[in-house]
file data20.txt (compact mmCIF, C-alpha atoms)
# COMPACT_ATOMS: atom_id res chain seq x y z
CA MET A 766 120.08 57.61 78.43
CA ASP A 767 123.39 57.31 76.58
CA ALA A 768 126.70 55.67 77.42
CA VAL A 769 130.13 57.15 76.86
CA PRO A 770 132.50 54.69 75.13
CA VAL A 771 135.15 54.59 77.85
CA SER A 772 137.03 51.66 79.32
CA ARG A 773 135.08 49.56 81.79
CA ALA A 774 135.86 50.58 85.38
CA SER A 775 135.83 48.14 88.28
CA LEU A 776 134.49 50.85 90.58
CA GLY A 777 133.80 54.10 88.78
CA GLU A 778 133.15 56.90 91.29
CA SER A 779 133.36 60.59 92.20
CA PRO A 780 131.92 62.22 89.05
CA LEU A 781 132.94 65.89 88.96
CA TRP A 782 132.00 68.69 86.60
CA HIS A 783 134.99 71.04 86.70
CA ARG A 784 133.37 74.40 86.05
CA GLY A 785 136.66 76.24 85.63
CA GLU A 786 137.74 73.94 82.80
CA GLY A 787 134.34 72.95 81.47
CA ARG A 788 135.45 69.32 81.73
CA PHE A 789 134.26 66.16 83.40
CA TYR A 790 136.47 64.11 85.76
CA TRP A 791 135.94 60.76 87.48
CA VAL A 792 137.90 57.90 89.08
CA ASP A 793 138.16 54.14 89.08
CA ILE A 794 138.88 53.52 92.77
CA ILE A 795 139.92 49.89 92.43
CA GLY A 796 141.75 50.56 89.18
CA GLU A 797 143.66 53.40 90.91
CA THR A 798 143.12 55.73 87.96
CA THR A 799 141.76 59.26 87.61
CA PHE A 800 140.28 60.28 84.25
CA ARG A 801 138.81 63.25 82.45
CA LEU A 802 136.87 63.60 79.21
CA VAL A 803 138.59 65.63 76.52
CA ASP A 804 136.51 66.20 73.38
CA GLY A 805 134.39 63.22 74.37
CA SER A 806 137.33 60.83 74.78
CA PRO A 807 138.79 59.58 78.08
CA GLU A 808 142.22 60.78 79.16
CA MET A 809 144.10 59.42 82.15
CA VAL A 810 145.38 62.22 84.37
CA LEU A 811 146.77 60.14 87.25
CA GLY A 812 147.53 56.44 87.68
CA GLY A 813 148.77 54.24 90.49
CA VAL A 814 147.02 56.24 93.23
CA MET A 815 143.77 55.11 94.86
CA VAL A 816 141.75 58.32 94.70
CA THR A 817 138.30 57.99 96.28
CA ALA A 818 136.96 61.53 95.83
CA LEU A 819 137.64 64.62 93.73
CA ALA A 820 136.93 68.30 94.22
CA GLU A 821 137.61 71.29 92.02
CA SER A 822 140.17 73.67 93.49
CA ALA A 823 139.47 77.41 93.40
CA GLY A 824 143.10 77.88 92.38
CA GLY A 825 142.74 75.51 89.43
CA GLY A 826 143.23 71.77 89.19
CA LEU A 827 141.86 69.26 91.67
CA ILE A 828 141.85 68.20 95.28
CA LEU A 829 142.24 64.42 95.65
CA VAL A 830 141.16 62.34 98.64
CA THR A 831 143.47 59.34 99.12
CA ALA A 832 144.35 56.98 101.97
CA ASP A 833 147.76 58.65 102.21
CA GLY A 834 146.32 62.14 102.53
CA LEU A 835 144.70 65.02 100.70
CA LEU A 836 146.55 65.98 97.54
CA SER A 837 146.53 68.93 95.21
CA TRP A 838 146.77 68.10 91.49
CA GLN A 839 147.40 70.58 88.70
CA ASP A 840 148.87 70.19 85.23
CA GLY A 841 150.04 66.66 86.01
CA GLU A 842 151.81 67.59 89.24
CA THR A 843 150.68 66.49 92.70
CA SER A 844 151.57 67.82 96.14
CA GLN A 845 150.34 66.87 99.58
CA LEU A 846 148.09 69.24 101.47
CA THR A 847 147.84 67.15 104.62
CA GLY A 848 148.35 63.56 105.72
CA LEU A 849 145.63 61.30 107.11
CA ASP A 850 146.29 58.99 110.03
CA LEU A 851 143.73 56.28 109.31
CA PRO A 852 143.44 52.80 110.85
CA GLU A 853 144.41 49.92 108.56
CA ALA A 854 140.86 48.61 108.58
CA VAL A 855 139.38 51.70 106.90
CA ARG A 856 139.84 53.74 103.76
CA PRO A 857 138.43 57.08 102.58
CA ASN A 858 135.36 57.15 100.39
CA ASP A 859 133.13 59.90 99.02
CA GLY A 860 133.75 63.62 99.45
CA LYS A 861 132.42 67.03 98.40
CA CYS A 862 132.86 70.72 99.19
CA ASP A 863 130.33 72.78 101.12
CA PRO A 864 129.13 76.10 99.65
CA GLU A 865 131.93 77.97 101.44
CA GLY A 866 134.65 75.71 100.02
CA ARG A 867 135.39 73.38 102.94
CA LEU A 868 136.06 69.78 101.90
CA TRP A 869 133.96 67.10 103.60
CA PHE A 870 134.83 63.42 103.19
CA GLY A 871 134.21 60.15 104.98
CA THR A 872 135.79 56.78 105.62
CA MET A 873 134.48 53.23 105.54
CA ASP A 874 135.14 49.87 107.12
CA LEU A 875 136.89 47.77 104.48
CA GLU A 876 134.78 44.77 105.51
CA THR A 877 131.62 46.95 105.45
CA THR A 878 130.38 45.47 108.72
CA GLU A 879 131.65 47.56 111.64
CA PRO A 880 130.86 51.20 112.56
CA ILE A 881 134.49 52.33 112.48
CA GLY A 882 134.15 54.90 109.71
CA GLU A 883 134.14 58.65 110.32
CA LEU A 884 133.11 61.89 108.68
CA PHE A 885 135.71 64.65 108.36
CA ARG A 886 135.90 68.33 107.45
CA TYR A 887 139.02 69.98 106.00
CA ASP A 888 139.15 73.77 105.91
CA GLY A 889 142.65 74.17 104.51
CA ASN A 890 144.17 74.40 107.98
CA SER A 891 143.34 71.11 109.69
CA VAL A 892 141.25 67.95 109.38
CA GLN A 893 138.50 67.68 111.99
CA VAL A 894 136.40 64.62 112.88
CA VAL A 895 132.75 65.58 112.62
CA GLU A 896 131.04 62.25 113.22
CA SER A 897 132.01 58.69 114.18
CA GLY A 898 130.19 55.36 114.23
CA ILE A 899 129.72 55.14 110.47
CA ILE A 900 129.98 51.86 108.53
CA LEU A 901 130.29 53.22 104.97
CA SER A 902 130.32 56.99 104.54
CA ASN A 903 128.87 58.04 101.20
CA GLY A 904 126.63 60.45 99.30
CA LEU A 905 127.16 64.04 100.52
CA GLY A 906 125.37 67.22 99.48
CA TRP A 907 123.85 70.52 100.56
CA SER A 908 120.49 72.13 99.98
CA PRO A 909 120.54 74.94 97.40
CA ASP A 910 120.42 77.59 100.14
CA GLY A 911 123.18 75.83 102.12
CA THR A 912 121.14 75.48 105.31
CA GLU A 913 120.90 71.67 105.20
CA PHE A 914 123.59 69.02 104.80
CA TYR A 915 122.98 65.46 103.57
CA HIS A 916 125.12 62.42 104.32
CA THR A 917 124.64 58.71 103.63
CA ASP A 918 125.62 55.57 105.52
CA SER A 919 125.22 53.08 102.67
CA ILE A 920 125.27 49.90 104.73
CA ARG A 921 122.57 51.19 107.06
CA ARG A 922 120.56 52.24 103.97
CA GLN A 923 119.99 55.66 105.52
CA ILE A 924 120.38 59.21 104.24
CA TYR A 925 120.65 61.78 107.02
CA ARG A 926 119.85 65.47 107.05
CA TYR A 927 121.48 68.04 109.32
CA ASN A 928 120.98 71.72 110.00
CA TYR A 929 124.00 73.45 108.51
CA ASP A 930 125.64 76.72 109.52
CA LEU A 931 127.55 78.12 106.55
CA ALA A 932 129.57 80.60 108.57
CA SER A 933 131.05 78.02 110.93
CA GLY A 934 130.78 74.86 108.83
CA VAL A 935 128.95 73.10 111.67
CA ALA A 936 126.37 70.36 110.95
CA ALA A 937 123.92 69.71 113.80
CA ASN A 938 120.62 68.04 114.66
CA ARG A 939 121.09 64.86 112.62
CA ARG A 940 117.91 62.99 111.75
CA VAL A 941 116.98 60.36 109.15
CA LEU A 942 115.69 61.78 105.88
CA VAL A 943 115.44 58.45 104.01
CA ASP A 944 115.38 54.98 105.59
CA LEU A 945 115.34 52.24 102.96
CA GLY A 946 115.20 49.46 105.52
CA ASP A 947 116.55 45.97 104.89
CA VAL A 948 116.75 46.00 101.08
CA ILE A 949 119.35 44.82 98.59
CA GLU A 950 119.69 48.23 96.95
CA VAL A 951 122.31 50.52 98.45
CA PRO A 952 122.12 54.33 98.40
CA ASP A 953 125.47 55.47 97.03
CA GLY A 954 126.58 58.86 95.69
CA LEU A 955 124.13 61.72 95.25
CA ALA A 956 123.65 65.15 93.69
CA VAL A 957 121.20 67.92 94.56
CA ASP A 958 119.13 69.83 92.00
CA VAL A 959 117.96 73.46 92.10
CA ASP A 960 114.66 72.42 93.66
CA GLY A 961 116.42 70.66 96.55
CA ASN A 962 115.75 67.13 95.33
CA LEU A 963 118.38 64.44 95.92
CA TRP A 964 119.36 62.32 92.90
CA VAL A 965 120.72 59.13 94.45
CA ALA A 966 122.57 56.33 92.65
CA MET A 967 121.07 53.05 93.89
CA TYR A 968 123.88 50.49 93.79
CA ASP A 969 122.48 47.03 92.95
CA GLY A 970 119.22 48.82 92.18
CA TRP A 971 119.45 49.53 88.41
CA ARG A 972 118.29 53.11 88.91
CA LEU A 973 118.60 56.63 90.16
CA GLN A 974 116.03 57.38 92.83
CA VAL A 975 115.05 60.99 93.42
CA PHE A 976 113.92 62.11 96.87
CA ASP A 977 112.47 65.49 97.74
CA SER A 978 113.60 67.55 100.71
CA ILE A 979 111.34 65.66 103.11
CA GLY A 980 112.38 62.20 101.90
CA ARG A 981 109.57 61.26 99.52
CA THR A 982 110.38 59.48 96.25
CA VAL A 983 109.40 61.84 93.43
CA HIS A 984 111.07 60.16 90.44
CA ILE A 985 112.73 56.92 89.34
CA GLU A 986 115.26 56.96 86.50
CA ASN A 987 115.74 53.36 85.38
CA LEU A 988 119.17 52.42 84.05
CA ASP A 989 120.59 49.48 82.07
CA VAL A 990 123.27 48.74 84.67
CA GLN A 991 122.91 47.07 88.04
CA LYS A 992 125.53 49.05 89.91
CA PRO A 993 125.32 52.82 89.45
CA THR A 994 127.67 54.40 91.96
CA SER A 995 127.37 58.18 91.84
CA VAL A 996 125.85 61.09 89.95
CA ALA A 997 126.80 64.66 89.04
CA PHE A 998 125.10 67.46 87.16
CA VAL A 999 127.25 68.48 84.21
CA ASP A 1000 127.48 70.74 81.16
CA GLU A 1001 127.02 74.49 80.88
CA GLY A 1002 124.03 75.34 83.04
CA LEU A 1003 124.23 71.96 84.84
CA THR A 1004 121.43 70.59 82.68
CA GLY A 1005 122.74 67.04 82.20
CA ILE A 1006 123.68 64.18 84.49
CA ARG A 1007 126.61 61.81 84.28
CA VAL A 1008 126.42 58.57 86.22
CA THR A 1009 129.47 56.51 87.21
CA THR A 1010 128.99 52.75 87.42
CA ALA A 1011 130.77 49.60 88.58
CA SER A 1012 131.50 46.22 87.04
CA GLN A 1013 132.97 44.60 90.17
CA ASP A 1014 131.40 41.32 91.34
CA LEU A 1015 129.58 40.76 88.04
CA ASP A 1016 130.25 37.40 86.39
CA PRO A 1017 130.95 37.09 82.63
CA ASP A 1018 127.31 36.37 81.76
CA GLU A 1019 126.15 39.41 83.74
CA LEU A 1020 128.75 41.58 82.03
CA ASP A 1021 127.53 40.33 78.63
CA ARG A 1022 124.00 41.36 79.59
CA GLN A 1023 125.23 44.73 80.87
CA PRO A 1024 127.60 46.12 78.24
CA ASN A 1025 127.53 49.53 79.96
CA ALA A 1026 128.52 48.23 83.40
CA GLY A 1027 131.59 50.15 84.56
CA ARG A 1028 131.08 52.86 81.94
CA LEU A 1029 129.73 56.42 82.09
CA LEU A 1030 126.06 57.05 81.50
CA TYR A 1031 124.46 60.32 80.45
CA VAL A 1032 120.90 61.18 81.52
CA ASP A 1033 118.70 64.17 80.68
CA PRO A 1034 117.14 64.98 84.07
CA GLY A 1035 114.71 67.65 82.89
CA THR A 1036 116.02 70.00 85.57
CA ARG A 1037 119.23 71.77 86.58
CA GLY A 1038 121.71 70.95 89.27
CA ALA A 1039 122.62 73.11 92.23
CA PRO A 1040 126.26 74.26 91.79
CA VAL A 1041 128.94 72.37 93.72
CA ALA A 1042 131.52 74.69 95.27
CA CYS A 1043 135.26 74.58 94.68
CA PHE A 1044 137.68 73.90 97.49
CA GLU A 1045 138.91 77.14 99.01
CA PRO A 1046 141.03 77.36 102.18
CA GLN A 1047 139.32 79.23 105.00
CA ARG A 1048 141.01 82.28 106.51
call {"tool": "encode", "arguments": {"input": "data20.txt", "output": "structure tokens"}}
result
Amino acid sequence: MDAVPVSRASLGESPLWHRGEGRFYWVDIIGETTFRLVDGSPEMVLGGVMVTALAESAGGGLILVTADGLLSWQDGETSQLTGLDLPEAVRPNDGKCDPEGRLWFGTMDLETTEPIGELFRYDGNSVQVVESGIILSNGLGWSPDGTEFYHTDSIRRQIYRYNYDLASGVAANRRVLVDLGDVIEVPDGLAVDVDGNLWVAMYDGWRLQVFDSIGRTVHIENLDVQKPTSVAFVDEGLTGIRVTTASQDLDPDELDRQPNAGRLLYVDPGTRGAPVACFEPQR
């Protein structure tokens, strides 16, 4: 495991390998900053906007999920794709594109106590509510063949699996894949490898935990930070992993003991990632 010498984020999130550019992007949600790595050094691409999730756009650039709406970003210019009419007590959180290019994203209760979050799907034409009754929507992914969809409610400590229809973009038959019970560790962002295993960042758990397609733990990747937030397969061939992390709620002594808290980590997973699709409007 290695760390990238970038500024310490309060809440690093949404790691994205941009295949079209061969570059890595991520955000600091609380710091309201979007970054990318250029020749191994961080470069700010957008500031002053609370971006909670990123997706690569098939037309180049990025799709940004924000509380004010879904934005398109390219070459330093942003434009709004659609607004979001969200209650004051919630904000968007994690998001990812399905294999056909539809953008899925969720919302969360700001107090992380009430089931007022929702899961949405955006196909380029409209935003549809897919599921309600969520406390903190997080960790999305699809099986390598696209027939199963995964979604996390972090506060409930549950990862769900659905049957997924690629043609229609419909997720059905929700059931619990992983139930972590009443533990301190929180399942956060995730990525899926070519074998269908879920690599899950365990916030407050000092690790990545890998679950197979029936929910069994098959690997633990211990980290030197308490609060890993999300994970993405990166590099040509998707043979590496970058992990975003958080420094929020750590006191000065804890930060001294965790010099990599809030920074990017790099892990050799010994496997390859399943590709993550670009956003592409549906016709």
call {"tool": "closest_residue", "arguments": {"input": "data20.txt", "among": "A:Pro880, A:Gly826, A:Gly871, A:Gly980", "to": "Phe1044 (chain A)", "atoms": "only C-alpha atoms"}}
result
A:Gly826
call {"tool": "closest_residue", "arguments": {"input": "data20.txt", "among": "A:Ser897, A:Ser822, A:Thr817, A:Thr798", "to": "Cys1043 (chain A)", "atoms": "only C-alpha atoms"}}
result
A:Ser822
call {"tool": "residues_near_point", "arguments": {"input": "data20.txt", "point": "(141.7, 54.4, 102.0)", "cutoff": "8 Å", "atoms": "only C-alpha atoms", "output": "list of chain:residue names"}}
result
A:Met815, A:Thr817, A:Thr831, A:Ala832, A:Asp833, A:Leu851, A:Val855, A:Arg856, A:Pro857, A:Asn858, A:Thr872
call {"tool": "write_last_selection", "arguments": {"input": "data20.txt", "atoms": "C-alpha atoms", "output": "PDB file, keeping the file's coordinate frame"}}
result
ATOM      1  CA  MET A 815     143.770  55.110  94.860  1.00  0.00           C
ATOM      2  CA  THR A 817     138.300  57.990  96.280  1.00  0.00           C
ATOM      3  CA  THR A 831     143.470  59.340  99.120  1.00  0.00           C
ATOM      4  CA  ALA A 832     144.350  56.980 101.970  1.00  0.00           C
ATOM      5  CA  ASP A 833     147.760  58.650 102.210  1.00  0.00           C
ATOM      6  CA  LEU A 851     143.730  56.280 109.310  1.00  0.00           C
ATOM      7  CA  VAL A 855     139.380  51.700 106.900  1.00  0.00           C
ATOM      8  CA  ARG A 856     139.840  53.740 103.760  1.00  0.00           C
ATOM      9  CA  PRO A 857     138.430  57.080 102.580  1.00  0.00           C
ATOM     10  CA  ASN A 858     135.360  57.150 100.390  1.00  0.00           C
ATOM     11  CA  THR A 872     135.790  56.780 105.620  1.00  0.00           C
TER      12      THR A 872
END
call {"tool": "closest_residue", "arguments": {"input": "data20.txt", "among": "A:Gln923, A:Ser1012, A:Thr982, A:Ser908", "to": "Ala956 (chain A)", "atoms": "all atoms listed in the file"}}
result
A:Ser908
call {"tool": "residues_around", "arguments": {"input": "data20.txt", "residues": "Gly825 (chain A)", "least_positions_apart": "3", "cutoff": "12 Å", "atoms": "all atoms listed in the file", "output": "JSON, numbers by chain"}}
result
{"A": [783, 784, 785, 786, 787, 820, 821, 822, 828, 837, 838, 839, 840, 841, 1043, 1044, 1045]}
call {"tool": "write_last_selection", "arguments": {"input": "data20.txt", "atoms": "C-alpha atoms", "output": "mmCIF file, in the frame of the given file"}}
result
data_model
loop_
_atom_site.group_PDB
_atom_site.id
_atom_site.type_symbol
_atom_site.label_atom_id
_atom_site.label_comp_id
_atom_site.auth_asym_id
_atom_site.auth_seq_id
_atom_site.Cartn_x
_atom_site.Cartn_y
_atom_site.Cartn_z
ATOM 1 C CA HIS A 783 134.990 71.040 86.700
ATOM 2 C CA ARG A 784 133.370 74.400 86.050
ATOM 3 C CA GLY A 785 136.660 76.240 85.630
ATOM 4 C CA GLU A 786 137.740 73.940 82.800
ATOM 5 C CA GLY A 787 134.340 72.950 81.470
ATOM 6 C CA ALA A 820 136.930 68.300 94.220
ATOM 7 C CA GLU A 821 137.610 71.290 92.020
ATOM 8 C CA SER A 822 140.170 73.670 93.490
ATOM 9 C CA ILE A 828 141.850 68.200 95.280
ATOM 10 C CA SER A 837 146.530 68.930 95.210
ATOM 11 C CA TRP A 838 146.770 68.100 91.490
ATOM 12 C CA GLN A 839 147.400 70.580 88.700
ATOM 13 C CA ASP A 840 148.870 70.190 85.230
ATOM 14 C CA GLY A 841 150.040 66.660 86.010
ATOM 15 C CA CYS A 1043 135.260 74.580 94.680
ATOM 16 C CA PHE A 1044 137.680 73.900 97.490
ATOM 17 C CA GLU A 1045 138.910 77.140 99.010
#
call {"tool": "residues_near_point", "arguments": {"input": "data20.txt", "point": "(122.7, 52.7, 78.6)", "cutoff": "12 Å", "atoms": "only C-alpha atoms", "output": "ChimeraX atom specification"}}
result
/A:766-770,971-972,986-991,993,1007-1010,1022-1032
call {"tool": "write_last_selection", "arguments": {"input": "data20.txt", "atoms": "C-alpha atoms", "output": "PDB file, keeping the file's coordinate frame"}}
result
ATOM      1  CA  MET A 766     120.080  57.610  78.430  1.00  0.00           C
ATOM      2  CA  ASP A 767     123.390  57.310  76.580  1.00  0.00           C
ATOM      3  CA  ALA A 768     126.700  55.670  77.420  1.00  0.00           C
ATOM      4  CA  VAL A 769     130.130  57.150  76.860  1.00  0.00           C
ATOM      5  CA  PRO A 770     132.500  54.690  75.130  1.00  0.00           C
ATOM      6  CA  TRP A 971     119.450  49.530  88.410  1.00  0.00           C
ATOM      7  CA  ARG A 972     118.290  53.110  88.910  1.00  0.00           C
ATOM      8  CA  GLU A 986     115.260  56.960  86.500  1.00  0.00           C
ATOM      9  CA  ASN A 987     115.740  53.360  85.380  1.00  0.00           C
ATOM     10  CA  LEU A 988     119.170  52.420  84.050  1.00  0.00           C
ATOM     11  CA  ASP A 989     120.590  49.480  82.070  1.00  0.00           C
ATOM     12  CA  VAL A 990     123.270  48.740  84.670  1.00  0.00           C
ATOM     13  CA  GLN A 991     122.910  47.070  88.040  1.00  0.00           C
ATOM     14  CA  PRO A 993     125.320  52.820  89.450  1.00  0.00           C
ATOM     15  CA  ARG A1007     126.610  61.810  84.280  1.00  0.00           C
ATOM     16  CA  VAL A1008     126.420  58.570  86.220  1.00  0.00           C
ATOM     17  CA  THR A1009     129.470  56.510  87.210  1.00  0.00           C
ATOM     18  CA  THR A1010     128.990  52.750  87.420  1.00  0.00           C
ATOM     19  CA  ARG A1022     124.000  41.360  79.590  1.00  0.00           C
ATOM     20  CA  GLN A1023     125.230  44.730  80.870  1.00  0.00           C
ATOM     21  CA  PRO A1024     127.600  46.120  78.240  1.00  0.00           C
ATOM     22  CA  ASN A1025     127.530  49.530  79.960  1.00  0.00           C
ATOM     23  CA  ALA A1026     128.520  48.230  83.400  1.00  0.00           C
ATOM     24  CA  GLY A1027     131.590  50.150  84.560  1.00  0.00           C
ATOM     25  CA  ARG A1028     131.080  52.860  81.940  1.00  0.00           C
ATOM     26  CA  LEU A1029     129.730  56.420  82.090  1.00  0.00           C
ATOM     27  CA  LEU A1030     126.060  57.050  81.500  1.00  0.00           C
ATOM     28  CA  TYR A1031     124.460  60.320  80.450  1.00  0.00           C
ATOM     29  CA  VAL A1032     120.900  61.180  81.520  1.00  0.00           C
TER      30      VAL A1032
END
call {"tool": "closest_residue", "arguments": {"input": "data20.txt", "among": "A:Trp869, A:Tyr887, A:Trp907, A:Tyr929", "to": "Ser978 (chain A)", "atoms": "only C-alpha atoms"}}
result
A:Trp907
